[in-house]
Amino acid sequence: MGYTKEQREAKKLAETESNIKSLDSKVEKVVDKKVKTSIKNLPLTTSVLVRSNCFGQLVYKSKKTGFQIEWDDTNTPQYLSLDELLVMRNTYRKFFEKNWVVIDGFVESEYNNEFSVEDILDFLQVKSFYKNLLCPENINDLFKMSSVEIENRIKNSSSGSKDFIIIRANELIESKQLDSLNVINTLEKVLNCELSRPNM
């Protein structure tokens with residue numbers, strides 16, 4: 001049985017309306033999906049919170065711009081732009097290789113909510129240097145490890161971290177919180193130093 005002209009037009013109109021609704025639905029889904037911005041799309045002037053991981057004063061002077069910044073002590077936060085961090089990586093790679101500085105995230109909370117510290121390290125291409133990071137927050141964990149683990153961790157640590165280990169070990173020995181001669185002997189052997197001795 002054939003369709004009348006009106007029926008054909010009504011069917012065509014219904015199909016068009018159905019296609020429009022389907023298209024509207026797809027557009028809404030795309031709009032609803034939050035597209036994650038890449039750090040590469042952020043302005044290079046975006047500030048990053050960077051702290052010193054060195055005992056004592058740390059100074060950075062840019063070869064490119066002459067910009068200079070000082071950290072007075074461990075964990076002192078300073079603000080550097082993504083651009084300046086790239087310059088630091090290209091001209092003074094040791095700041096990252098030796099973990100002299102630690103990235104804490106973006107200064108602006110909107111970026112901090114979107115990007116992790118690992119995202120920033122990936123962007124700077126320095127993530128591999130922070131695999132075995134020892135800093136004041138986690139250094140006590142080292143003294144609870146086995147001799148083999150202590151040796152491996154220290155061998156892969158930066159010189160700045162090694163200074164922390166010596167200082168913290170002496171503090172813990174003097175406060176009688178570290179009294180394992182096995183741990184102390186391992187530390188002295190790997191760090192090539194002489195630590196305090198616990199009073200027995």
# chains A, B, ... in the order shown; residues from 1 in each chain; ligands from 1

$ closest_atom_pairs --of "region 48-91 of chain A" --to "region 135-149 of chain A" --cutoff "12 Å" --atoms "only C-alpha atoms" --output "CSV"
residue,atom,partner,partner_atom,distance
A:Arg51,CA,A:Cys135,CA,10.9
A:Ser52,CA,A:Cys135,CA,9.8
A:Asn53,CA,A:Cys135,CA,6.5
A:Cys54,CA,A:Cys135,CA,9.0
A:Phe55,CA,A:Pro136,CA,10.2
A:Asp73,CA,A:Pro136,CA,12.0
A:Thr74,CA,A:Pro136,CA,8.4
A:Asn75,CA,A:Pro136,CA,8.3

$ select_by_dssp --residues "chain A" --states "strand (DSSP E)" --output "list in words"
Ser47, Val48, Leu49, Val50, Arg51, Ser52, Leu58, Val59, Tyr60, Lys61, Gln68, Ile69, Glu70, Trp71, Pro77, Gln78, Tyr79, Leu80, Ser81, Val101, Val102, Ile103, Asp104, Gly105 and Phe106 of chain A

$ closest_residue --among "A:Glu70, A:Glu118, A:Val59, A:Leu181" --to "Ile39 (chain A)" --atoms "only C-alpha atoms"
A:Glu118

$ select_by_dssp --residues "chain A" --states "helix (DSSP H, G or I)" --output "CSV table (one decimal) with C-alpha atoms, in the first residue's frame"
chain,number,residue,atom,x,y,z
A,5,LYS,CA,1.9,12.9,-0.1
A,6,GLU,CA,0.9,14.1,3.4
A,7,GLN,CA,2.0,10.8,5.0
A,8,ARG,CA,5.4,10.9,3.3
A,9,GLU,CA,6.0,14.5,4.4
A,10,ALA,CA,4.9,13.7,7.9
A,11,LYS,CA,7.3,10.7,8.0
A,12,LYS,CA,10.1,12.9,6.6
A,13,LEU,CA,9.4,15.6,9.2
A,14,ALA,CA,9.4,13.0,12.1
A,15,GLU,CA,12.8,11.6,10.9
A,16,THR,CA,14.2,15.1,10.7
A,17,GLU,CA,13.0,16.0,14.2
A,18,SER,CA,14.4,12.7,15.5
A,19,ASN,CA,17.8,13.4,13.9
A,20,ILE,CA,17.8,16.9,15.4
A,21,LYS,CA,17.1,15.5,18.9
A,22,SER,CA,19.8,12.9,18.5
A,23,LEU,CA,22.3,15.6,17.4
A,24,ASP,CA,21.3,17.9,20.3
A,25,SER,CA,21.9,15.0,22.7
A,26,LYS,CA,25.4,14.4,21.3
A,27,VAL,CA,26.3,18.1,21.5
A,28,GLU,CA,25.1,18.2,25.1
A,29,LYS,CA,27.3,15.2,26.0
A,30,VAL,CA,30.4,16.9,24.4
A,31,VAL,CA,29.7,20.1,26.3
A,32,ASP,CA,29.1,18.2,29.5
A,39,ILE,CA,50.0,22.3,31.1
A,40,LYS,CA,51.5,23.1,27.7
A,41,ASN,CA,48.5,25.4,27.1
A,82,LEU,CA,57.1,27.8,34.4
A,83,ASP,CA,59.4,29.6,32.0
A,84,GLU,CA,62.1,30.1,34.7
A,85,LEU,CA,61.8,26.5,35.7
A,86,LEU,CA,62.5,25.5,32.1
A,87,VAL,CA,65.5,27.8,32.1
A,88,MET,CA,66.7,26.2,35.3
A,89,ARG,CA,66.3,22.7,33.9
A,90,ASN,CA,68.2,23.7,30.7
A,91,THR,CA,71.1,25.6,32.4
A,94,LYS,CA,71.6,19.8,39.0
A,95,PHE,CA,68.8,21.7,40.9
A,96,PHE,CA,66.6,18.8,39.7
A,97,GLU,CA,69.1,16.0,39.4
A,109,SER,CA,44.3,27.0,43.3
A,110,GLU,CA,42.4,26.5,40.1
A,111,TYR,CA,45.5,25.0,38.5
A,112,ASN,CA,46.3,23.1,41.6
A,113,ASN,CA,42.9,21.4,41.4
A,114,GLU,CA,43.5,20.4,37.8
A,117,VAL,CA,52.9,17.8,41.1
A,118,GLU,CA,53.7,14.8,38.8
A,119,ASP,CA,52.0,16.7,35.9
A,120,ILE,CA,54.4,19.6,36.5
A,121,LEU,CA,57.4,17.3,36.8
A,122,ASP,CA,56.3,15.6,33.5
A,123,PHE,CA,56.0,19.0,31.8
A,124,LEU,CA,59.5,19.9,33.0
A,127,LYS,CA,60.1,13.3,36.9
A,128,SER,CA,62.8,10.6,36.8
A,129,PHE,CA,65.0,12.6,39.2
A,130,TYR,CA,62.3,12.4,42.0
A,139,ILE,CA,63.3,11.0,56.1
A,140,ASN,CA,62.4,9.2,59.4
A,141,ASP,CA,61.0,6.3,57.3
A,142,LEU,CA,64.5,5.5,56.2
A,147,SER,CA,70.2,-2.4,56.0
A,148,VAL,CA,69.9,-3.4,52.3
A,149,GLU,CA,67.0,-1.0,51.8
A,150,ILE,CA,68.9,1.8,53.5
A,151,GLU,CA,71.9,1.2,51.3
A,152,ASN,CA,69.8,1.3,48.1
A,153,ARG,CA,67.8,4.4,49.1
A,154,ILE,CA,70.9,6.3,50.1
A,155,LYS,CA,72.9,5.3,47.0
A,159,SER,CA,73.9,15.0,48.1
A,160,GLY,CA,71.3,17.4,49.7
A,161,SER,CA,69.3,14.4,50.9
A,162,LYS,CA,72.5,12.8,52.3
A,163,ASP,CA,73.2,15.9,54.4
A,164,PHE,CA,69.6,15.6,55.8
A,165,ILE,CA,70.1,12.0,56.6
A,166,ILE,CA,73.3,12.7,58.6
A,167,ILE,CA,71.7,15.6,60.5
A,168,ARG,CA,68.5,13.8,61.2
A,169,ALA,CA,70.3,10.6,62.3
A,170,ASN,CA,72.4,12.5,64.8
A,171,GLU,CA,69.3,14.3,66.1
A,172,LEU,CA,67.5,10.9,66.6
A,173,ILE,CA,70.5,9.3,68.2
A,174,GLU,CA,70.9,12.2,70.7
A,181,LEU,CA,73.7,-0.1,66.1
A,182,ASN,CA,73.0,-2.0,62.9
A,183,VAL,CA,71.2,1.0,61.3
A,184,ILE,CA,73.9,3.4,62.6
A,185,ASN,CA,76.7,1.3,61.2
A,186,THR,CA,74.9,0.9,57.8
A,187,LEU,CA,74.4,4.7,57.7
A,188,GLU,CA,78.1,5.4,58.5
A,189,LYS,CA,79.3,2.9,55.9
A,190,VAL,CA,77.0,4.2,53.1
A,191,LEU,CA,77.4,7.9,53.9

$ closest_residue --among "A:Glu108, A:Phe115, A:Phe67, A:Val102" --to "Leu134 (chain A)" --atoms "only C-alpha atoms"
A:Val102

$ closest_residue --among "A:Val107, A:Gly66, A:Ser158, A:Ser116" --to "Lys131 (chain A)" --atoms "only C-alpha atoms"
A:Ser158

$ closest_residue --among "A:Lys176, A:Arg93, A:Lys63, A:Lys98" --to "Pro198 (chain A)" --atoms "only C-alpha atoms"
A:Lys176

$ atom_distance --atom1 "CA of Gln177 (chain A)" --atom2 "CA of Asp72 (chain A)"
28.3 Å

$ closest_residue --among "A:Val48, A:Val101, A:Leu42, A:Leu133" --to "Tyr79 (chain A)" --atoms "only C-alpha atoms"
A:Val48

$ atom_distance --atom1 "CA of Asp179 (chain A)" --atom2 "CA of Arg197 (chain A)"
8.2 Å

$ atom_distance --atom1 "CA of Ser47 (chain A)" --atom2 "CA of Leu80 (chain A)"
5.4 Å
